[in-house]
Structures are given as C-alpha cells and as structure tokens.
$ cat target-v3.cif   # mmCIF, N, CA and C atoms and all ligand atoms; chains and numbers go by the auth columns
data_final
#
loop_
_atom_site.group_PDB
_atom_site.id
_atom_site.type_symbol
_atom_site.label_atom_id
_atom_site.label_comp_id
_atom_site.label_asym_id
_atom_site.label_seq_id
_atom_site.Cartn_x
_atom_site.Cartn_y
_atom_site.Cartn_z
_atom_site.B_iso_or_equiv
_atom_site.auth_seq_id
_atom_site.auth_asym_id
ATOM 1 N N MET A 1 115.936 103.125 93.627 0.00 1 A
ATOM 2 C CA MET A 1 114.947 102.116 94.035 0.00 1 A
ATOM 3 C C MET A 1 115.549 100.729 93.808 0.00 1 A
ATOM 4 N N ILE A 2 115.417 99.904 94.822 0.00 2 A
ATOM 5 C CA ILE A 2 115.943 98.550 94.729 0.00 2 A
ATOM 6 C C ILE A 2 114.791 97.582 94.478 0.00 2 A
ATOM 7 N N ASP A 3 114.915 96.843 93.408 0.00 3 A
ATOM 8 C CA ASP A 3 113.877 95.873 93.074 0.00 3 A
ATOM 9 C C ASP A 3 114.253 94.519 93.648 0.00 3 A
ATOM 10 N N GLU A 4 113.534 94.122 94.661 0.00 4 A
ATOM 11 C CA GLU A 4 113.829 92.843 95.294 0.00 4 A
ATOM 12 C C GLU A 4 112.782 91.789 94.951 0.00 4 A
ATOM 13 N N GLY A 5 111.951 92.115 93.974 0.00 5 A
ATOM 14 C CA GLY A 5 110.924 91.168 93.576 0.00 5 A
ATOM 15 C C GLY A 5 109.757 91.197 94.550 0.00 5 A
ATOM 16 N N PRO A 6 108.753 90.420 94.268 0.00 6 A
ATOM 17 C CA PRO A 6 107.575 90.404 95.133 0.00 6 A
ATOM 18 C C PRO A 6 107.920 89.838 96.503 0.00 6 A
ATOM 19 N N SER A 7 107.550 90.550 97.527 0.00 7 A
ATOM 20 C CA SER A 7 107.829 90.101 98.887 0.00 7 A
ATOM 21 C C SER A 7 106.658 89.289 99.428 0.00 7 A
ATOM 22 N N ALA A 8 106.873 88.679 100.582 0.00 8 A
ATOM 23 C CA ALA A 8 105.799 87.910 101.211 0.00 8 A
ATOM 24 C C ALA A 8 104.633 88.823 101.552 0.00 8 A
ATOM 25 N N ASP A 9 104.957 90.070 101.928 0.00 9 A
ATOM 26 C CA ASP A 9 103.910 91.038 102.243 0.00 9 A
ATOM 27 C C ASP A 9 103.031 91.314 101.024 0.00 9 A
ATOM 28 N N ASP A 10 103.674 91.430 99.868 0.00 10 A
ATOM 29 C CA ASP A 10 102.916 91.669 98.644 0.00 10 A
ATOM 30 C C ASP A 10 101.944 90.532 98.384 0.00 10 A
ATOM 31 N N ILE A 11 102.419 89.321 98.561 0.00 11 A
ATOM 32 C CA ILE A 11 101.585 88.157 98.297 0.00 11 A
ATOM 33 C C ILE A 11 100.420 88.115 99.277 0.00 11 A
ATOM 34 N N ASP A 12 100.696 88.442 100.548 0.00 12 A
ATOM 35 C CA ASP A 12 99.623 88.482 101.548 0.00 12 A
ATOM 36 C C ASP A 12 98.586 89.534 101.181 0.00 12 A
ATOM 37 N N ARG A 13 99.064 90.684 100.730 0.00 13 A
ATOM 38 C CA ARG A 13 98.172 91.773 100.387 0.00 13 A
ATOM 39 C C ARG A 13 97.254 91.369 99.231 0.00 13 A
ATOM 40 N N PHE A 14 97.774 90.571 98.338 0.00 14 A
ATOM 41 C CA PHE A 14 96.974 90.151 97.197 0.00 14 A
ATOM 42 C C PHE A 14 96.083 88.959 97.525 0.00 14 A
ATOM 43 N N GLY A 15 96.113 88.526 98.763 0.00 15 A
ATOM 44 C CA GLY A 15 95.251 87.430 99.175 0.00 15 A
ATOM 45 C C GLY A 15 95.755 86.069 98.745 0.00 15 A
ATOM 46 N N GLY A 16 96.996 85.990 98.345 0.00 16 A
ATOM 47 C CA GLY A 16 97.599 84.696 98.017 0.00 16 A
ATOM 48 C C GLY A 16 97.374 84.253 96.590 0.00 16 A
ATOM 49 N N ASP A 17 96.463 84.908 95.883 0.00 17 A
ATOM 50 C CA ASP A 17 96.199 84.523 94.499 0.00 17 A
ATOM 51 C C ASP A 17 96.919 85.490 93.557 0.00 17 A
ATOM 52 N N THR A 18 98.066 85.080 93.131 0.00 18 A
ATOM 53 C CA THR A 18 98.809 85.937 92.222 0.00 18 A
ATOM 54 C C THR A 18 99.260 85.152 91.003 0.00 18 A
ATOM 55 N N GLY A 19 99.519 85.895 89.972 0.00 19 A
ATOM 56 C CA GLY A 19 100.053 85.304 88.758 0.00 19 A
ATOM 57 C C GLY A 19 101.071 86.268 88.182 0.00 19 A
ATOM 58 N N TYR A 20 101.430 86.027 86.954 0.00 20 A
ATOM 59 C CA TYR A 20 102.459 86.861 86.348 0.00 20 A
ATOM 60 C C TYR A 20 102.002 87.420 85.020 0.00 20 A
ATOM 61 N N CYS A 21 102.279 88.686 84.852 0.00 21 A
ATOM 62 C CA CYS A 21 101.886 89.377 83.635 0.00 21 A
ATOM 63 C C CYS A 21 102.514 88.688 82.425 0.00 21 A
ATOM 64 N N PRO A 22 101.700 88.372 81.415 0.00 22 A
ATOM 65 C CA PRO A 22 102.239 87.711 80.221 0.00 22 A
ATOM 66 C C PRO A 22 103.130 88.640 79.400 0.00 22 A
ATOM 67 N N HIS A 23 103.018 89.934 79.663 0.00 23 A
ATOM 68 C CA HIS A 23 103.793 90.895 78.863 0.00 23 A
ATOM 69 C C HIS A 23 105.141 91.224 79.507 0.00 23 A
ATOM 70 N N CYS A 24 105.115 91.633 80.774 0.00 24 A
ATOM 71 C CA CYS A 24 106.358 92.100 81.412 0.00 24 A
ATOM 72 C C CYS A 24 106.861 91.143 82.483 0.00 24 A
ATOM 73 N N GLY A 25 106.032 90.171 82.874 0.00 25 A
ATOM 74 C CA GLY A 25 106.487 89.193 83.852 0.00 25 A
ATOM 75 C C GLY A 25 106.341 89.647 85.294 0.00 25 A
ATOM 76 N N GLU A 26 105.770 90.825 85.494 0.00 26 A
ATOM 77 C CA GLU A 26 105.575 91.324 86.851 0.00 26 A
ATOM 78 C C GLU A 26 104.501 90.505 87.551 0.00 26 A
ATOM 79 N N GLU A 27 104.667 90.350 88.857 0.00 27 A
ATOM 80 C CA GLU A 27 103.651 89.619 89.615 0.00 27 A
ATOM 81 C C GLU A 27 102.437 90.520 89.785 0.00 27 A
ATOM 82 N N VAL A 28 101.292 89.999 89.416 0.00 28 A
ATOM 83 C CA VAL A 28 100.058 90.774 89.538 0.00 28 A
ATOM 84 C C VAL A 28 98.984 89.932 90.195 0.00 28 A
ATOM 85 N N TRP A 29 98.041 90.623 90.802 0.00 29 A
ATOM 86 C CA TRP A 29 96.918 89.957 91.436 0.00 29 A
ATOM 87 C C TRP A 29 96.138 89.163 90.396 0.00 29 A
ATOM 88 N N ASP A 30 95.699 87.989 90.822 0.00 30 A
ATOM 89 C CA ASP A 30 94.989 87.064 89.938 0.00 30 A
ATOM 90 C C ASP A 30 93.793 87.706 89.234 0.00 30 A
ATOM 91 N N GLN A 31 93.077 88.571 89.972 0.00 31 A
ATOM 92 C CA GLN A 31 91.838 89.133 89.444 0.00 31 A
ATOM 93 C C GLN A 31 92.041 90.499 88.785 0.00 31 A
ATOM 94 N N ALA A 32 93.270 90.933 88.740 0.00 32 A
ATOM 95 C CA ALA A 32 93.534 92.260 88.180 0.00 32 A
ATOM 96 C C ALA A 32 93.206 92.276 86.695 0.00 32 A
ATOM 97 N N PRO A 33 92.421 93.279 86.258 0.00 33 A
ATOM 98 C CA PRO A 33 92.100 93.360 84.826 0.00 33 A
ATOM 99 C C PRO A 33 93.254 93.927 84.015 0.00 33 A
ATOM 100 N N GLN A 34 94.156 94.627 84.706 0.00 34 A
ATOM 101 C CA GLN A 34 95.244 95.299 83.994 0.00 34 A
ATOM 102 C C GLN A 34 96.521 95.192 84.813 0.00 34 A
ATOM 103 N N CYS A 35 97.629 94.995 84.136 0.00 35 A
ATOM 104 C CA CYS A 35 98.922 94.918 84.826 0.00 35 A
ATOM 105 C C CYS A 35 99.287 96.290 85.384 0.00 35 A
ATOM 106 N N PRO A 36 99.557 96.387 86.690 0.00 36 A
ATOM 107 C CA PRO A 36 99.907 97.683 87.281 0.00 36 A
ATOM 108 C C PRO A 36 101.300 98.144 86.871 0.00 36 A
ATOM 109 N N SER A 37 102.074 97.243 86.318 0.00 37 A
ATOM 110 C CA SER A 37 103.449 97.585 85.961 0.00 37 A
ATOM 111 C C SER A 37 103.563 98.133 84.546 0.00 37 A
ATOM 112 N N CYS A 38 103.029 97.411 83.583 0.00 38 A
ATOM 113 C CA CYS A 38 103.200 97.819 82.187 0.00 38 A
ATOM 114 C C CYS A 38 101.899 98.272 81.542 0.00 38 A
ATOM 115 N N GLY A 39 100.768 98.057 82.247 0.00 39 A
ATOM 116 C CA GLY A 39 99.494 98.548 81.730 0.00 39 A
ATOM 117 C C GLY A 39 98.819 97.623 80.744 0.00 39 A
ATOM 118 N N THR A 40 99.376 96.443 80.538 0.00 40 A
ATOM 119 C CA THR A 40 98.763 95.488 79.626 0.00 40 A
ATOM 120 C C THR A 40 97.446 94.985 80.191 0.00 40 A
ATOM 121 N N TRP A 41 96.428 94.966 79.353 0.00 41 A
ATOM 122 C CA TRP A 41 95.151 94.420 79.787 0.00 41 A
ATOM 123 C C TRP A 41 95.255 92.906 79.787 0.00 41 A
ATOM 124 N N ILE A 42 94.887 92.326 80.919 0.00 42 A
ATOM 125 C CA ILE A 42 95.029 90.883 81.082 0.00 42 A
ATOM 126 C C ILE A 42 93.674 90.230 80.823 0.00 42 A
ATOM 127 N N GLU A 43 93.644 89.407 79.803 0.00 43 A
ATOM 128 C CA GLU A 43 92.409 88.707 79.459 0.00 43 A
ATOM 129 C C GLU A 43 92.573 87.236 79.767 0.00 43 A
ATOM 130 N N GLY A 44 91.572 86.697 80.431 0.00 44 A
ATOM 131 C CA GLY A 44 91.601 85.269 80.736 0.00 44 A
ATOM 132 C C GLY A 44 92.552 84.916 81.864 0.00 44 A
ATOM 133 N N GLY A 45 92.887 85.891 82.683 0.00 45 A
ATOM 134 C CA GLY A 45 93.718 85.615 83.850 0.00 45 A
ATOM 135 C C GLY A 45 95.197 85.637 83.527 0.00 45 A
ATOM 136 N N VAL A 46 95.945 85.761 84.594 0.00 46 A
ATOM 137 C CA VAL A 46 97.398 85.810 84.433 0.00 46 A
ATOM 138 C C VAL A 46 97.962 84.400 84.428 0.00 46 A
ATOM 139 N N GLY A 47 99.162 84.283 83.940 0.00 47 A
ATOM 140 C CA GLY A 47 99.813 82.989 83.900 0.00 47 A
ATOM 141 C C GLY A 47 100.199 82.520 85.292 0.00 47 A
ATOM 142 N N GLY A 48 100.125 81.231 85.511 0.00 48 A
ATOM 143 C CA GLY A 48 100.447 80.692 86.818 0.00 48 A
ATOM 144 C C GLY A 48 101.927 80.430 87.011 0.00 48 A
ATOM 145 N N GLN A 49 102.658 80.453 85.940 0.00 49 A
ATOM 146 C CA GLN A 49 104.080 80.130 86.050 0.00 49 A
ATOM 147 C C GLN A 49 104.931 81.374 86.003 0.00 49 A
ATOM 148 N N ARG A 50 105.926 81.384 86.851 0.00 50 A
ATOM 149 C CA ARG A 50 106.833 82.516 86.897 0.00 50 A
ATOM 150 C C ARG A 50 107.734 82.503 85.665 0.00 50 A
ATOM 151 N N PRO A 51 107.800 83.649 84.986 0.00 51 A
ATOM 152 C CA PRO A 51 108.724 83.743 83.849 0.00 51 A
ATOM 153 C C PRO A 51 110.150 83.916 84.359 0.00 51 A
ATOM 154 N N ASP A 52 110.794 82.810 84.581 0.00 52 A
ATOM 155 C CA ASP A 52 112.106 82.813 85.219 0.00 52 A
ATOM 156 C C ASP A 52 113.136 83.628 84.438 0.00 52 A
ATOM 157 N N GLU A 53 113.013 83.590 83.139 0.00 53 A
ATOM 158 C CA GLU A 53 114.027 84.261 82.333 0.00 53 A
ATOM 159 C C GLU A 53 114.014 85.772 82.545 0.00 53 A
ATOM 160 N N ALA A 54 112.826 86.361 82.561 0.00 54 A
ATOM 161 C CA ALA A 54 112.716 87.805 82.760 0.00 54 A
ATOM 162 C C ALA A 54 113.212 88.177 84.155 0.00 54 A
ATOM 163 N N TRP A 55 112.832 87.378 85.123 0.00 55 A
ATOM 164 C CA TRP A 55 113.251 87.626 86.508 0.00 55 A
ATOM 165 C C TRP A 55 114.766 87.510 86.613 0.00 55 A
ATOM 166 N N PHE A 56 115.330 86.496 85.992 0.00 56 A
ATOM 167 C CA PHE A 56 116.772 86.259 86.040 0.00 56 A
ATOM 168 C C PHE A 56 117.532 87.413 85.401 0.00 56 A
ATOM 169 N N LYS A 57 117.034 87.922 84.291 0.00 57 A
ATOM 170 C CA LYS A 57 117.695 89.037 83.615 0.00 57 A
ATOM 171 C C LYS A 57 117.722 90.279 84.497 0.00 57 A
ATOM 172 N N ARG A 58 116.604 90.541 85.175 0.00 58 A
ATOM 173 C CA ARG A 58 116.556 91.717 86.049 0.00 58 A
ATOM 174 C C ARG A 58 117.528 91.549 87.201 0.00 58 A
ATOM 175 N N ARG A 59 117.570 90.330 87.751 0.00 59 A
ATOM 176 C CA ARG A 59 118.490 90.055 88.848 0.00 59 A
ATOM 177 C C ARG A 59 119.937 90.202 88.398 0.00 59 A
ATOM 178 N N MET A 60 120.254 89.712 87.232 0.00 60 A
ATOM 179 C CA MET A 60 121.621 89.781 86.716 0.00 60 A
ATOM 180 C C MET A 60 122.032 91.228 86.479 0.00 60 A
ATOM 181 N N THR A 61 121.108 92.039 85.967 0.00 61 A
ATOM 182 C CA THR A 61 121.400 93.451 85.736 0.00 61 A
ATOM 183 C C THR A 61 121.741 94.137 87.049 0.00 61 A
ATOM 184 N N LEU A 62 120.953 93.857 88.081 0.00 62 A
ATOM 185 C CA LEU A 62 121.191 94.438 89.404 0.00 62 A
ATOM 186 C C LEU A 62 122.520 93.943 89.955 0.00 62 A
ATOM 187 N N PHE A 63 122.787 92.669 89.804 0.00 63 A
ATOM 188 C CA PHE A 63 124.019 92.068 90.318 0.00 63 A
ATOM 189 C C PHE A 63 125.244 92.679 89.650 0.00 63 A
ATOM 190 N N ILE A 64 125.203 92.821 88.339 0.00 64 A
ATOM 191 C CA ILE A 64 126.331 93.391 87.602 0.00 64 A
ATOM 192 C C ILE A 64 126.564 94.836 88.032 0.00 64 A
ATOM 193 N N LEU A 65 125.486 95.570 88.235 0.00 65 A
ATOM 194 C CA LEU A 65 125.593 96.960 88.680 0.00 65 A
ATOM 195 C C LEU A 65 126.297 97.034 90.024 0.00 65 A
ATOM 196 N N ILE A 66 125.936 96.159 90.954 0.00 66 A
ATOM 197 C CA ILE A 66 126.550 96.135 92.278 0.00 66 A
ATOM 198 C C ILE A 66 128.026 95.779 92.165 0.00 66 A
ATOM 199 N N VAL A 67 128.347 94.795 91.339 0.00 67 A
ATOM 200 C CA VAL A 67 129.748 94.380 91.162 0.00 67 A
ATOM 201 C C VAL A 67 130.582 95.544 90.623 0.00 67 A
ATOM 202 N N VAL A 68 130.044 96.259 89.663 0.00 68 A
ATOM 203 C CA VAL A 68 130.769 97.392 89.076 0.00 68 A
ATOM 204 C C VAL A 68 130.998 98.470 90.127 0.00 68 A
ATOM 205 N N ILE A 69 129.986 98.760 90.937 0.00 69 A
ATOM 206 C CA ILE A 69 130.115 99.783 91.981 0.00 69 A
ATOM 207 C C ILE A 69 131.171 99.361 93.003 0.00 69 A
ATOM 208 N N VAL A 70 131.124 98.110 93.430 0.00 70 A
ATOM 209 C CA VAL A 70 132.097 97.594 94.398 0.00 70 A
ATOM 210 C C VAL A 70 133.503 97.650 93.804 0.00 70 A
ATOM 211 N N ALA A 71 133.646 97.295 92.543 0.00 71 A
ATOM 212 C CA ALA A 71 134.944 97.334 91.876 0.00 71 A
ATOM 213 C C ALA A 71 135.495 98.750 91.859 0.00 71 A
ATOM 214 N N PHE A 72 134.653 99.734 91.571 0.00 72 A
ATOM 215 C CA PHE A 72 135.070 101.129 91.565 0.00 72 A
ATOM 216 C C PHE A 72 135.531 101.558 92.945 0.00 72 A
ATOM 217 N N ILE A 73 134.781 101.174 93.970 0.00 73 A
ATOM 218 C CA ILE A 73 135.138 101.543 95.351 0.00 73 A
ATOM 219 C C ILE A 73 136.504 100.943 95.699 0.00 73 A
ATOM 220 N N LEU A 74 136.711 99.692 95.356 0.00 74 A
ATOM 221 C CA LEU A 74 137.981 99.022 95.669 0.00 74 A
ATOM 222 C C LEU A 74 139.143 99.699 94.954 0.00 74 A
ATOM 223 N N VAL A 75 138.923 100.074 93.705 0.00 75 A
ATOM 224 C CA VAL A 75 139.983 100.709 92.916 0.00 75 A
ATOM 225 C C VAL A 75 140.388 102.046 93.543 0.00 75 A
ATOM 226 N N PHE A 76 139.416 102.801 94.014 0.00 76 A
ATOM 227 C CA PHE A 76 139.728 104.117 94.558 0.00 76 A
ATOM 228 C C PHE A 76 140.202 104.079 96.004 0.00 76 A
ATOM 229 N N VAL A 77 139.798 103.056 96.742 0.00 77 A
ATOM 230 C CA VAL A 77 140.177 102.971 98.154 0.00 77 A
ATOM 231 C C VAL A 77 141.534 102.309 98.328 0.00 77 A
ATOM 232 N N LEU A 78 141.793 101.277 97.539 0.00 78 A
ATOM 233 C CA LEU A 78 143.049 100.541 97.706 0.00 78 A
ATOM 234 C C LEU A 78 144.193 101.175 96.893 0.00 78 A
HETATM 235 ZN ZN ZN B . 102.889 93.782 82.792 0.00 101 B
#
$ encode --input "target-v3.cif" --output "structure tokens"
Amino acid sequence: MIDEGPSADDIDRFGGDTGYCPHCGEEVWDQAPQCPSCGTWIEGGVGGQRPDEAWFKRRMTLFILIVVIVAFILVFVL
C-alpha cells in the first residue's frame, strides 16, 4: 500500500472541513468523534494545523525505502 497522504478526493468527500488527529496526525473529518486511523477519541474538535513533522517523517521513510530499492536494482542490473 502506498501512502500518498490525503488526496483532493478525500477532502471533497469530507465536505472540505478537515483537521488533523492530535494523536497520530492523520487527516480526519472535522466532525468525527473518533480518529479512523488510530482510534483516538477526539474531544473538542481536531487541530486545524497540519503536523508537518509527522507527515515529513512518513514521507522520508517512504523516500528512503524507494532509494534503497532503486539502489538494489541498479547493483544487480549494472
Ligand atoms: Zn489518530
């Protein structure tokens, strides 16, 4: 499974009102009582600001994985 983050379709589906889980940083619907990703109960609404650090870490992990795979392919092909 490739995690590409919340897409425009996801945002449309949520009606444009989204926030971010204070626990895992996943994008969740503004009115959601519970985070669909980690199951944390959200009280008082989700945060309006994107937790850039959590997102960046996930992106970096994916990026490093791709680099390692490409490096392996190059080593065996060349
Ligand atoms: Zn969560």
$ residues_around --input "target-v3.cif" --residues "Thr40 (chain A)" --least-positions-apart "6" --cutoff "7 Å" --atoms "all atoms listed in the file" --output "JSON, numbers by chain"
{"A": [23, 33, 34]}
$ write_last_selection --input "target-v3.cif" --atoms "N, CA and C atoms" --output "short mmCIF file (atom, residue, chain, number, x, y, z; two decimals), keeping the file's coordinate frame"
data_model
loop_
_atom_site.label_atom_id
_atom_site.label_comp_id
_atom_site.auth_asym_id
_atom_site.auth_seq_id
_atom_site.Cartn_x
_atom_site.Cartn_y
_atom_site.Cartn_z
N HIS A 23 103.02 89.93 79.66
CA HIS A 23 103.79 90.90 78.86
C HIS A 23 105.14 91.22 79.51
N PRO A 33 92.42 93.28 86.26
CA PRO A 33 92.10 93.36 84.83
C PRO A 33 93.25 93.93 84.02
N GLN A 34 94.16 94.63 84.71
CA GLN A 34 95.24 95.30 83.99
C GLN A 34 96.52 95.19 84.81
#
$ closest_residue --input "target-v3.cif" --among "A:Leu78, A:Val28, A:Cys35, A:Ile73" --to "ligand ZN 101 (chain B)" --atoms "all atoms listed in the file"
A:Cys35
$ closest_atom_pairs --input "target-v3.cif" --of "chain A" --to "ligand ZN 101 (chain B)" --cutoff "8 Å" --atoms "all atoms listed in the file" --output "Markdown table"
| residue | atom | partner | partner_atom | distance |
| --- | --- | --- | --- | --- |
| A:Tyr20 | C | B:ZN101 | ZN | 6.8 |
| A:Cys21 | CA | B:ZN101 | ZN | 4.6 |
| A:Pro22 | N | B:ZN101 | ZN | 5.7 |
| A:His23 | C | B:ZN101 | ZN | 4.7 |
| A:Cys24 | N | B:ZN101 | ZN | 3.7 |
| A:Gly25 | N | B:ZN101 | ZN | 4.8 |
| A:Glu26 | N | B:ZN101 | ZN | 4.9 |
| A:Glu27 | N | B:ZN101 | ZN | 7.2 |
| A:Val28 | N | B:ZN101 | ZN | 7.8 |
| A:Gln34 | C | B:ZN101 | ZN | 6.8 |
| A:Cys35 | CA | B:ZN101 | ZN | 4.6 |
| A:Pro36 | N | B:ZN101 | ZN | 5.8 |
| A:Ser37 | C | B:ZN101 | ZN | 4.7 |
| A:Cys38 | N | B:ZN101 | ZN | 3.7 |
| A:Gly39 | N | B:ZN101 | ZN | 4.8 |
| A:Thr40 | N | B:ZN101 | ZN | 5.0 |
| A:Trp41 | N | B:ZN101 | ZN | 7.4 |
$ atom_distance --input "target-v3.cif" --atom1 "CA of Val75 (chain A)" --atom2 "CA of Arg58 (chain A)"
26.0 Å
$ atom_distance --input "target-v3.cif" --atom1 "atom C of Ala32 (chain A)" --atom2 "atom N of Asp17 (chain A)"
12.2 Å
$ decode --input "target-v3.cif" --residues "region 21-40 of chain A" --atoms "N, CA and C atoms" --output "PDB file, in the first residue's frame"
ATOM      1  N   CYS A  21      -5.672  14.636  13.371  1.00  0.00           N
ATOM      2  CA  CYS A  21      -5.718  13.928  14.640  1.00  0.00           C
ATOM      3  C   CYS A  21      -4.574  14.400  15.537  1.00  0.00           C
ATOM      4  N   PRO A  22      -4.889  14.771  16.780  1.00  0.00           N
ATOM      5  CA  PRO A  22      -3.838  15.233  17.694  1.00  0.00           C
ATOM      6  C   PRO A  22      -2.902  14.102  18.115  1.00  0.00           C
ATOM      7  N   HIS A  23      -3.345  12.872  17.899  1.00  0.00           N
ATOM      8  CA  HIS A  23      -2.528  11.732  18.344  1.00  0.00           C
ATOM      9  C   HIS A  23      -1.595  11.228  17.241  1.00  0.00           C
ATOM     10  N   CYS A  24      -2.158  10.931  16.070  1.00  0.00           N
ATOM     11  CA  CYS A  24      -1.345  10.310  15.012  1.00  0.00           C
ATOM     12  C   CYS A  24      -1.095  11.248  13.840  1.00  0.00           C
ATOM     13  N   GLY A  25      -1.810  12.376  13.795  1.00  0.00           N
ATOM     14  CA  GLY A  25      -1.566  13.335  12.728  1.00  0.00           C
ATOM     15  C   GLY A  25      -2.309  13.029  11.439  1.00  0.00           C
ATOM     16  N   GLU A  26      -3.125  11.986  11.454  1.00  0.00           N
ATOM     17  CA  GLU A  26      -3.892  11.637  10.263  1.00  0.00           C
ATOM     18  C   GLU A  26      -4.971  12.682  10.021  1.00  0.00           C
ATOM     19  N   GLU A  27      -5.266  12.909   8.749  1.00  0.00           N
ATOM     20  CA  GLU A  27      -6.330  13.862   8.431  1.00  0.00           C
ATOM     21  C   GLU A  27      -7.670  13.199   8.717  1.00  0.00           C
ATOM     22  N   VAL A  28      -8.482  13.878   9.491  1.00  0.00           N
ATOM     23  CA  VAL A  28      -9.797  13.339   9.829  1.00  0.00           C
ATOM     24  C   VAL A  28     -10.857  14.403   9.628  1.00  0.00           C
ATOM     25  N   TRP A  29     -12.069  13.934   9.409  1.00  0.00           N
ATOM     26  CA  TRP A  29     -13.198  14.832   9.246  1.00  0.00           C
ATOM     27  C   TRP A  29     -13.380  15.662  10.509  1.00  0.00           C
ATOM     28  N   ASP A  30     -13.714  16.925  10.289  1.00  0.00           N
ATOM     29  CA  ASP A  30     -13.865  17.885  11.383  1.00  0.00           C
ATOM     30  C   ASP A  30     -14.821  17.404  12.475  1.00  0.00           C
ATOM     31  N   GLN A  31     -15.906  16.737  12.049  1.00  0.00           N
ATOM     32  CA  GLN A  31     -16.950  16.356  12.994  1.00  0.00           C
ATOM     33  C   GLN A  31     -16.783  14.927  13.517  1.00  0.00           C
ATOM     34  N   ALA A  32     -15.728  14.286  13.097  1.00  0.00           N
ATOM     35  CA  ALA A  32     -15.534  12.894  13.505  1.00  0.00           C
ATOM     36  C   ALA A  32     -15.296  12.816  15.005  1.00  0.00           C
ATOM     37  N   PRO A  33     -16.042  11.932  15.694  1.00  0.00           N
ATOM     38  CA  PRO A  33     -15.829  11.793  17.141  1.00  0.00           C
ATOM     39  C   PRO A  33     -14.588  10.974  17.458  1.00  0.00           C
ATOM     40  N   GLN A  34     -14.149  10.187  16.475  1.00  0.00           N
ATOM     41  CA  GLN A  34     -13.025   9.283  16.723  1.00  0.00           C
ATOM     42  C   GLN A  34     -12.139   9.234  15.489  1.00  0.00           C
ATOM     43  N   CYS A  35     -10.844   9.183  15.706  1.00  0.00           N
ATOM     44  CA  CYS A  35      -9.902   9.091  14.585  1.00  0.00           C
ATOM     45  C   CYS A  35     -10.031   7.726  13.918  1.00  0.00           C
ATOM     46  N   PRO A  36     -10.279   7.687  12.605  1.00  0.00           N
ATOM     47  CA  PRO A  36     -10.420   6.402  11.912  1.00  0.00           C
ATOM     48  C   PRO A  36      -9.087   5.677  11.770  1.00  0.00           C
ATOM     49  N   SER A  37      -8.010   6.385  12.004  1.00  0.00           N
ATOM     50  CA  SER A  37      -6.691   5.784  11.819  1.00  0.00           C
ATOM     51  C   SER A  37      -6.175   5.114  13.084  1.00  0.00           C
ATOM     52  N   CYS A  38      -6.175   5.839  14.184  1.00  0.00           N
ATOM     53  CA  CYS A  38      -5.588   5.299  15.412  1.00  0.00           C
ATOM     54  C   CYS A  38      -6.626   5.025  16.491  1.00  0.00           C
ATOM     55  N   GLY A  39      -7.872   5.487  16.260  1.00  0.00           N
ATOM     56  CA  GLY A  39      -8.940   5.183  17.210  1.00  0.00           C
ATOM     57  C   GLY A  39      -9.021   6.129  18.385  1.00  0.00           C
ATOM     58  N   THR A  40      -8.215   7.175  18.380  1.00  0.00           N
ATOM     59  CA  THR A  40      -8.262   8.147  19.464  1.00  0.00           C
ATOM     60  C   THR A  40      -9.573   8.911  19.435  1.00  0.00           C
TER      61      THR A  40
END
